[in-house]
>>> print(open('input_13.pdb').read())   # PDB, C-alpha atoms
MODEL        1
ATOM      1  CA  TYR L   1     -87.375-127.656  54.663  1.00  0.00           C
ATOM      2  CA  LYS L   2     -86.049-125.986  51.506  1.00  0.00           C
ATOM      3  CA  LEU L   3     -89.405-126.415  49.790  1.00  0.00           C
ATOM      4  CA  GLY L   4     -91.225-124.984  52.790  1.00  0.00           C
ATOM      5  CA  VAL L   5     -89.124-121.815  52.975  1.00  0.00           C
ATOM      6  CA  ASN L   6     -88.847-121.420  49.191  1.00  0.00           C
ATOM      7  CA  GLN L   7     -85.120-122.145  49.067  1.00  0.00           C
ATOM      8  CA  MET L   8     -85.724-124.246  45.965  1.00  0.00           C
ATOM      9  CA  PRO L   9     -86.832-121.515  43.580  1.00  0.00           C
ATOM     10  CA  LEU L  10     -87.871-122.658  40.142  1.00  0.00           C
ATOM     11  CA  GLN L  11     -85.441-121.615  37.410  1.00  0.00           C
ATOM     12  CA  PRO L  12     -86.858-123.117  34.209  1.00  0.00           C
ATOM     13  CA  ALA L  13     -85.176-122.930  30.828  1.00  0.00           C
ATOM     14  CA  TYR L  14     -85.260-124.835  27.547  1.00  0.00           C
ATOM     15  CA  HIS L  15     -83.110-127.969  27.442  1.00  0.00           C
ATOM     16  CA  GLU L  16     -82.259-130.422  24.704  1.00  0.00           C
ATOM     17  CA  LEU L  17     -83.763-133.625  25.996  1.00  0.00           C
ATOM     18  CA  ASP L  18     -81.225-135.972  24.379  1.00  0.00           C
ATOM     19  CA  ASP L  19     -78.357-134.191  26.138  1.00  0.00           C
ATOM     20  CA  PHE L  20     -80.216-133.964  29.432  1.00  0.00           C
ATOM     21  CA  ILE L  21     -81.108-137.679  29.548  1.00  0.00           C
ATOM     22  CA  GLU L  22     -77.621-138.744  28.409  1.00  0.00           C
ATOM     23  CA  ALA L  23     -76.136-136.754  31.311  1.00  0.00           C
ATOM     24  CA  GLN L  24     -78.495-138.433  33.805  1.00  0.00           C
ATOM     25  CA  LEU L  25     -77.556-141.894  32.557  1.00  0.00           C
ATOM     26  CA  ALA L  26     -73.833-141.074  32.460  1.00  0.00           C
ATOM     27  CA  ALA L  27     -73.932-140.161  36.153  1.00  0.00           C
ATOM     28  CA  HIS L  28     -75.023-143.742  36.945  1.00  0.00           C
ATOM     29  CA  GLN L  29     -72.913-145.610  34.383  1.00  0.00           C
ATOM     30  CA  GLU L  30     -70.596-147.292  36.909  1.00  0.00           C
ATOM     31  CA  VAL L  31     -73.520-148.650  38.904  1.00  0.00           C
ATOM     32  CA  PHE L  32     -75.238-149.897  35.741  1.00  0.00           C
ATOM     33  CA  ALA L  33     -72.048-151.702  34.747  1.00  0.00           C
ATOM     34  CA  SER L  34     -71.529-153.246  38.192  1.00  0.00           C
ATOM     35  CA  ARG L  35     -75.124-154.521  38.290  1.00  0.00           C
ATOM     36  CA  GLY L  36     -75.184-155.690  34.668  1.00  0.00           C
ATOM     37  CA  ILE L  37     -78.011-153.313  33.779  1.00  0.00           C
ATOM     38  CA  VAL L  38     -78.391-152.047  30.226  1.00  0.00           C
ATOM     39  CA  ALA L  39     -79.733-148.498  30.392  1.00  0.00           C
ATOM     40  CA  THR L  40     -81.170-146.866  27.294  1.00  0.00           C
ATOM     41  CA  TYR L  41     -83.372-143.908  26.426  1.00  0.00           C
ATOM     42  CA  GLU L  42     -85.866-142.826  23.799  1.00  0.00           C
ATOM     43  CA  VAL L  43     -86.809-139.228  23.096  1.00  0.00           C
ATOM     44  CA  ASP L  44     -89.821-138.480  20.917  1.00  0.00           C
ATOM     45  CA  PRO L  45     -88.322-136.735  17.859  1.00  0.00           C
ATOM     46  CA  LEU L  46     -91.326-134.392  17.803  1.00  0.00           C
ATOM     47  CA  SER L  47     -90.442-133.155  21.317  1.00  0.00           C
ATOM     48  CA  PRO L  48     -86.683-132.461  21.250  1.00  0.00           C
ATOM     49  CA  LEU L  49     -86.842-129.632  23.828  1.00  0.00           C
ATOM     50  CA  GLY L  50     -88.224-129.402  27.330  1.00  0.00           C
ATOM     51  CA  PHE L  51     -88.904-126.353  29.488  1.00  0.00           C
ATOM     52  CA  PHE L  52     -88.098-127.132  33.131  1.00  0.00           C
ATOM     53  CA  ASP L  53     -85.716-126.484  36.001  1.00  0.00           C
ATOM     54  CA  ARG L  54     -82.713-128.628  35.113  1.00  0.00           C
ATOM     55  CA  GLU L  55     -81.386-129.098  38.664  1.00  0.00           C
ATOM     56  CA  LEU L  56     -84.733-129.935  40.242  1.00  0.00           C
ATOM     57  CA  VAL L  57     -85.778-132.363  37.508  1.00  0.00           C
ATOM     58  CA  ALA L  58     -82.306-133.936  37.527  1.00  0.00           C
ATOM     59  CA  SER L  59     -82.675-134.568  41.268  1.00  0.00           C
ATOM     60  CA  VAL L  60     -86.020-136.312  40.691  1.00  0.00           C
ATOM     61  CA  LEU L  61     -84.588-138.452  37.898  1.00  0.00           C
ATOM     62  CA  ALA L  62     -81.477-139.337  39.927  1.00  0.00           C
ATOM     63  CA  ASN L  63     -83.651-140.587  42.776  1.00  0.00           C
ATOM     64  CA  CYS L  64     -85.898-142.543  40.409  1.00  0.00           C
ATOM     65  CA  ILE L  65     -82.946-144.057  38.563  1.00  0.00           C
ATOM     66  CA  ASN L  66     -81.413-145.137  41.887  1.00  0.00           C
ATOM     67  CA  ASN L  67     -84.702-146.777  42.880  1.00  0.00           C
ATOM     68  CA  ALA L  68     -85.064-148.466  39.492  1.00  0.00           C
ATOM     69  CA  ILE L  69     -81.515-149.829  39.779  1.00  0.00           C
ATOM     70  CA  ARG L  70     -82.511-151.540  43.032  1.00  0.00           C
ATOM     71  CA  TYR L  71     -85.365-153.406  41.352  1.00  0.00           C
ATOM     72  CA  ALA L  72     -84.308-153.830  37.715  1.00  0.00           C
ATOM     73  CA  ARG L  73     -83.185-157.255  36.603  1.00  0.00           C
ATOM     74  CA  GLN L  74     -81.167-156.201  33.578  1.00  0.00           C
ATOM     75  CA  SER L  75     -82.854-153.285  31.795  1.00  0.00           C
ATOM     76  CA  LEU L  76     -83.760-149.675  32.444  1.00  0.00           C
ATOM     77  CA  LEU L  77     -85.315-147.311  29.918  1.00  0.00           C
ATOM     78  CA  ILE L  78     -85.930-143.590  30.151  1.00  0.00           C
ATOM     79  CA  SER L  79     -88.608-142.541  27.703  1.00  0.00           C
ATOM     80  CA  VAL L  80     -89.499-138.948  26.915  1.00  0.00           C
ATOM     81  CA  GLY L  81     -92.589-137.900  25.063  1.00  0.00           C
ATOM     82  CA  ASP L  82     -95.586-135.629  24.827  1.00  0.00           C
ATOM     83  CA  GLU L  83     -98.870-136.141  26.634  1.00  0.00           C
ATOM     84  CA  ALA L  84    -101.736-133.672  26.363  1.00  0.00           C
ATOM     85  CA  GLY L  85     -99.314-130.950  25.289  1.00  0.00           C
ATOM     86  CA  GLY L  86     -96.965-131.548  28.211  1.00  0.00           C
ATOM     87  CA  LEU L  87     -93.641-133.283  28.669  1.00  0.00           C
ATOM     88  CA  VAL L  88     -93.545-136.771  30.219  1.00  0.00           C
ATOM     89  CA  LEU L  89     -90.278-138.302  31.420  1.00  0.00           C
ATOM     90  CA  SER L  90     -90.670-141.963  32.422  1.00  0.00           C
ATOM     91  CA  ILE L  91     -88.258-144.331  34.130  1.00  0.00           C
ATOM     92  CA  ASN L  92     -89.091-147.929  33.181  1.00  0.00           C
ATOM     93  CA  ASP L  93     -87.504-151.070  34.613  1.00  0.00           C
ATOM     94  CA  ASP L  94     -87.866-154.810  34.082  1.00  0.00           C
ATOM     95  CA  GLY L  95     -88.355-155.681  37.754  1.00  0.00           C
ATOM     96  CA  ASP L  96     -91.464-156.906  39.550  1.00  0.00           C
ATOM     97  CA  GLY L  97     -93.107-153.474  39.514  1.00  0.00           C
ATOM     98  CA  TYR L  98     -94.660-151.398  42.275  1.00  0.00           C
ATOM     99  CA  PRO L  99     -96.772-153.117  44.933  1.00  0.00           C
ATOM    100  CA  VAL L 100    -100.500-152.706  44.232  1.00  0.00           C
ATOM    101  CA  GLU L 101    -101.087-150.903  47.547  1.00  0.00           C
ATOM    102  CA  MET L 102     -98.400-148.361  46.659  1.00  0.00           C
ATOM    103  CA  ILE L 103    -100.050-147.603  43.308  1.00  0.00           C
ATOM    104  CA  GLU L 104    -103.464-147.324  44.965  1.00  0.00           C
ATOM    105  CA  ARG L 105    -102.069-144.900  47.583  1.00  0.00           C
ATOM    106  CA  GLN L 106     -99.757-142.900  45.319  1.00  0.00           C
ATOM    107  CA  ALA L 107    -101.571-139.652  46.115  1.00  0.00           C
ATOM    108  CA  ASP L 108    -100.522-140.172  49.749  1.00  0.00           C
ATOM    109  CA  TYR L 109     -96.907-139.361  48.962  1.00  0.00           C
ATOM    110  CA  VAL L 110     -95.536-140.062  52.415  1.00  0.00           C
ATOM    111  CA  GLN L 111     -96.915-143.529  52.991  1.00  0.00           C
ATOM    112  CA  GLY L 112     -94.919-144.438  56.066  1.00  0.00           C
ATOM    113  CA  ILE L 113     -91.899-146.654  56.357  1.00  0.00           C
ATOM    114  CA  ASN L 114     -92.180-150.042  54.725  1.00  0.00           C
ATOM    115  CA  HIS L 115     -89.929-152.170  56.910  1.00  0.00           C
ATOM    116  CA  SER L 116     -89.514-154.925  54.316  1.00  0.00           C
ATOM    117  CA  SER L 117     -88.225-152.554  51.616  1.00  0.00           C
ATOM    118  CA  GLY L 118     -86.967-149.640  53.722  1.00  0.00           C
ATOM    119  CA  SER L 119     -89.103-147.234  51.676  1.00  0.00           C
ATOM    120  CA  THR L 120     -90.322-144.038  53.329  1.00  0.00           C
ATOM    121  CA  GLY L 121     -92.224-142.590  50.377  1.00  0.00           C
ATOM    122  CA  LEU L 122     -90.204-139.375  50.677  1.00  0.00           C
ATOM    123  CA  GLY L 123     -88.820-139.714  47.155  1.00  0.00           C
ATOM    124  CA  LEU L 124     -92.350-139.666  45.753  1.00  0.00           C
ATOM    125  CA  TYR L 125     -93.247-136.774  48.026  1.00  0.00           C
ATOM    126  CA  PHE L 126     -90.335-134.622  46.847  1.00  0.00           C
ATOM    127  CA  ALA L 127     -90.893-135.607  43.219  1.00  0.00           C
ATOM    128  CA  GLY L 128     -94.530-134.549  43.521  1.00  0.00           C
ATOM    129  CA  ARG L 129     -93.619-131.228  45.105  1.00  0.00           C
ATOM    130  CA  ILE L 130     -90.984-130.507  42.450  1.00  0.00           C
ATOM    131  CA  ALA L 131     -93.426-131.468  39.686  1.00  0.00           C
ATOM    132  CA  ALA L 132     -96.068-129.117  41.151  1.00  0.00           C
ATOM    133  CA  LEU L 133     -93.600-126.211  41.086  1.00  0.00           C
ATOM    134  CA  HIS L 134     -93.705-126.495  37.282  1.00  0.00           C
ATOM    135  CA  GLN L 135     -96.901-124.733  36.176  1.00  0.00           C
ATOM    136  CA  ARG L 136     -98.312-123.445  32.923  1.00  0.00           C
ATOM    137  CA  ASN L 137    -101.734-121.918  32.274  1.00  0.00           C
ATOM    138  CA  GLY L 138    -102.962-123.010  35.704  1.00  0.00           C
ATOM    139  CA  VAL L 139    -101.873-126.628  35.199  1.00  0.00           C
ATOM    140  CA  GLU L 140     -99.378-128.091  37.682  1.00  0.00           C
ATOM    141  CA  GLY L 141     -96.902-130.834  36.988  1.00  0.00           C
ATOM    142  CA  ARG L 142     -97.536-134.204  38.614  1.00  0.00           C
ATOM    143  CA  THR L 143     -96.097-137.651  39.063  1.00  0.00           C
ATOM    144  CA  ARG L 144     -97.566-141.099  38.638  1.00  0.00           C
ATOM    145  CA  ILE L 145     -96.449-144.649  39.227  1.00  0.00           C
ATOM    146  CA  SER L 146     -97.712-147.704  37.401  1.00  0.00           C
ATOM    147  CA  ASN L 147     -96.683-151.136  36.234  1.00  0.00           C
ATOM    148  CA  GLY L 148     -96.222-152.545  32.776  1.00  0.00           C
ATOM    149  CA  GLY L 149     -94.663-150.109  30.370  1.00  0.00           C
ATOM    150  CA  PRO L 150     -92.266-151.177  27.639  1.00  0.00           C
ATOM    151  CA  LEU L 151     -90.119-153.308  29.982  1.00  0.00           C
ATOM    152  CA  GLY L 152     -92.947-154.858  31.992  1.00  0.00           C
ATOM    153  CA  GLY L 153     -91.848-153.611  35.431  1.00  0.00           C
ATOM    154  CA  GLY L 154     -92.316-150.413  37.392  1.00  0.00           C
ATOM    155  CA  VAL L 155     -92.871-147.097  35.630  1.00  0.00           C
ATOM    156  CA  PHE L 156     -92.345-143.722  37.310  1.00  0.00           C
ATOM    157  CA  SER L 157     -93.552-140.763  35.236  1.00  0.00           C
ATOM    158  CA  LEU L 158     -92.846-137.075  35.760  1.00  0.00           C
ATOM    159  CA  CYS L 159     -95.476-135.088  33.878  1.00  0.00           C
ATOM    160  CA  LEU L 160     -94.657-131.416  33.294  1.00  0.00           C
ATOM    161  CA  PRO L 161     -97.024-128.923  31.652  1.00  0.00           C
TER     162      PRO L 161
ENDMDL
END
>>> encode(input="input_13.pdb", output="structure tokens")
Amino acid sequence: YKLGVNQMPLQPAYHELDDFIEAQLAAHQEVFASRGIVATYEVDPLSPLGFFDRELVASVLANCINNAIRYARQSLLISVGDEAGGLVLSINDDGDGYPVEMIERQADYVQGINHSSGSTGLGLYFAGRIAALHQRNGVEGRTRISNGGPLGGGVFSLCLP
């Protein structure tokens, strides 16, 4: 609703990525500890700053971290780097990864309720909409999901121009 009536206006600013990621991980520290998950992060030293809406991107990362916690065995990694001149924030876990059909249908953000997992696809939908709000030189932000990555499990990436 808020996206539809523009009650989520974009308010981008420059942010130090180390501080931003540390704050996201700190908000989940108790859950990491209770589940025995070691959460770490890596920020590309050549990309220490990001230009984005802190609250909107934090909401995407919080949702993705919560999902990764559900599937991670013992490790979670947030990696931040540069791709084609844009900022890429990735949440990596060491779980079984995304189902193949979910990766194949990732452009269909709302994929329907998966009764075995309880997934509605709404998290991906909102992440995609928030990513698209971030634009530069006619290029919109986007999301992608894949498997593999540095921990071998699921990888959610938020790509911002």
>>> residues_near_point(input="input_13.pdb", point="(-92.0, -134.9, 37.9)", cutoff="12 Å", atoms="all atoms listed in the file", output="PyMOL selection string")
chain L and resi 52-54+56-64+80+86-91+123-135+140-145+156-161
>>> write_last_selection(input="input_13.pdb", atoms="C-alpha atoms", output="mmCIF file, in the frame of the given file")
data_model
loop_
_atom_site.group_PDB
_atom_site.id
_atom_site.type_symbol
_atom_site.label_atom_id
_atom_site.label_comp_id
_atom_site.auth_asym_id
_atom_site.auth_seq_id
_atom_site.Cartn_x
_atom_site.Cartn_y
_atom_site.Cartn_z
ATOM 1 C CA PHE L 52 -88.098 -127.132 33.131
ATOM 2 C CA ASP L 53 -85.716 -126.484 36.001
ATOM 3 C CA ARG L 54 -82.713 -128.628 35.113
ATOM 4 C CA LEU L 56 -84.733 -129.935 40.242
ATOM 5 C CA VAL L 57 -85.778 -132.363 37.508
ATOM 6 C CA ALA L 58 -82.306 -133.936 37.527
ATOM 7 C CA SER L 59 -82.675 -134.568 41.268
ATOM 8 C CA VAL L 60 -86.020 -136.312 40.691
ATOM 9 C CA LEU L 61 -84.588 -138.452 37.898
ATOM 10 C CA ALA L 62 -81.477 -139.337 39.927
ATOM 11 C CA ASN L 63 -83.651 -140.587 42.776
ATOM 12 C CA CYS L 64 -85.898 -142.543 40.409
ATOM 13 C CA VAL L 80 -89.499 -138.948 26.915
ATOM 14 C CA GLY L 86 -96.965 -131.548 28.211
ATOM 15 C CA LEU L 87 -93.641 -133.283 28.669
ATOM 16 C CA VAL L 88 -93.545 -136.771 30.219
ATOM 17 C CA LEU L 89 -90.278 -138.302 31.420
ATOM 18 C CA SER L 90 -90.670 -141.963 32.422
ATOM 19 C CA ILE L 91 -88.258 -144.331 34.130
ATOM 20 C CA GLY L 123 -88.820 -139.714 47.155
ATOM 21 C CA LEU L 124 -92.350 -139.666 45.753
ATOM 22 C CA TYR L 125 -93.247 -136.774 48.026
ATOM 23 C CA PHE L 126 -90.335 -134.622 46.847
ATOM 24 C CA ALA L 127 -90.893 -135.607 43.219
ATOM 25 C CA GLY L 128 -94.530 -134.549 43.521
ATOM 26 C CA ARG L 129 -93.619 -131.228 45.105
ATOM 27 C CA ILE L 130 -90.984 -130.507 42.450
ATOM 28 C CA ALA L 131 -93.426 -131.468 39.686
ATOM 29 C CA ALA L 132 -96.068 -129.117 41.151
ATOM 30 C CA LEU L 133 -93.600 -126.211 41.086
ATOM 31 C CA HIS L 134 -93.705 -126.495 37.282
ATOM 32 C CA GLN L 135 -96.901 -124.733 36.176
ATOM 33 C CA GLU L 140 -99.378 -128.091 37.682
ATOM 34 C CA GLY L 141 -96.902 -130.834 36.988
ATOM 35 C CA ARG L 142 -97.536 -134.204 38.614
ATOM 36 C CA THR L 143 -96.097 -137.651 39.063
ATOM 37 C CA ARG L 144 -97.566 -141.099 38.638
ATOM 38 C CA ILE L 145 -96.449 -144.649 39.227
ATOM 39 C CA PHE L 156 -92.345 -143.722 37.310
ATOM 40 C CA SER L 157 -93.552 -140.763 35.236
ATOM 41 C CA LEU L 158 -92.846 -137.075 35.760
ATOM 42 C CA CYS L 159 -95.476 -135.088 33.878
ATOM 43 C CA LEU L 160 -94.657 -131.416 33.294
ATOM 44 C CA PRO L 161 -97.024 -128.923 31.652
#
>>> resolve_selection(input="input_13.pdb", expression="the PyMOL selection byres ((chain L and resi 68) around 10)", output="list in words")
Ala62, Asn63, Cys64, Ile65, Asn66, Asn67, Ile69, Arg70, Tyr71, Ala72, Arg73, Ser75, Leu76, Leu77, Ile91, Asn92, Asp93, Asp94, Gly95, Gly97, Gly153, Gly154, Val155 and Phe156 of chain L
>>> residues_around(input="input_13.pdb", residues="range 34-49 of chain L", least_positions_apart="4", cutoff="7 Å", atoms="only C-alpha atoms", output="mmCIF file with C-alpha atoms, in the frame of the given file")
data_model
loop_
_atom_site.group_PDB
_atom_site.id
_atom_site.type_symbol
_atom_site.label_atom_id
_atom_site.label_comp_id
_atom_site.auth_asym_id
_atom_site.auth_seq_id
_atom_site.Cartn_x
_atom_site.Cartn_y
_atom_site.Cartn_z
ATOM 1 C CA TYR L 14 -85.260 -124.835 27.547
ATOM 2 C CA HIS L 15 -83.110 -127.969 27.442
ATOM 3 C CA GLU L 16 -82.259 -130.422 24.704
ATOM 4 C CA LEU L 17 -83.763 -133.625 25.996
ATOM 5 C CA ASP L 18 -81.225 -135.972 24.379
ATOM 6 C CA GLU L 30 -70.596 -147.292 36.909
ATOM 7 C CA GLN L 74 -81.167 -156.201 33.578
ATOM 8 C CA SER L 75 -82.854 -153.285 31.795
ATOM 9 C CA LEU L 76 -83.760 -149.675 32.444
ATOM 10 C CA LEU L 77 -85.315 -147.311 29.918
ATOM 11 C CA ILE L 78 -85.930 -143.590 30.151
ATOM 12 C CA SER L 79 -88.608 -142.541 27.703
ATOM 13 C CA VAL L 80 -89.499 -138.948 26.915
ATOM 14 C CA GLY L 81 -92.589 -137.900 25.063
ATOM 15 C CA ASP L 82 -95.586 -135.629 24.827
#
>>> atom_distance(input="input_13.pdb", atom1="CA of Gln106 in chain L", atom2="CA of Gly138 in chain L")
22.3 Å
>>> atom_distance(input="input_13.pdb", atom1="CA of Arg136 in chain L", atom2="CA of Leu25 in chain L")
27.8 Å
>>> closest_residue(input="input_13.pdb", among="L:Gly149, L:Pro99, L:Glu55, L:Leu122", to="Gln24 in chain L", atoms="only C-alpha atoms")
L:Glu55
>>> closest_residue(input="input_13.pdb", among="L:Gly50, L:Gly152, L:Ala84, L:Phe32", to="Tyr98 in chain L", atoms="all atoms listed in the file")
L:Gly152
>>> atom_distance(input="input_13.pdb", atom1="CA of Glu101 in chain L", atom2="CA of Gly148 in chain L")
15.6 Å
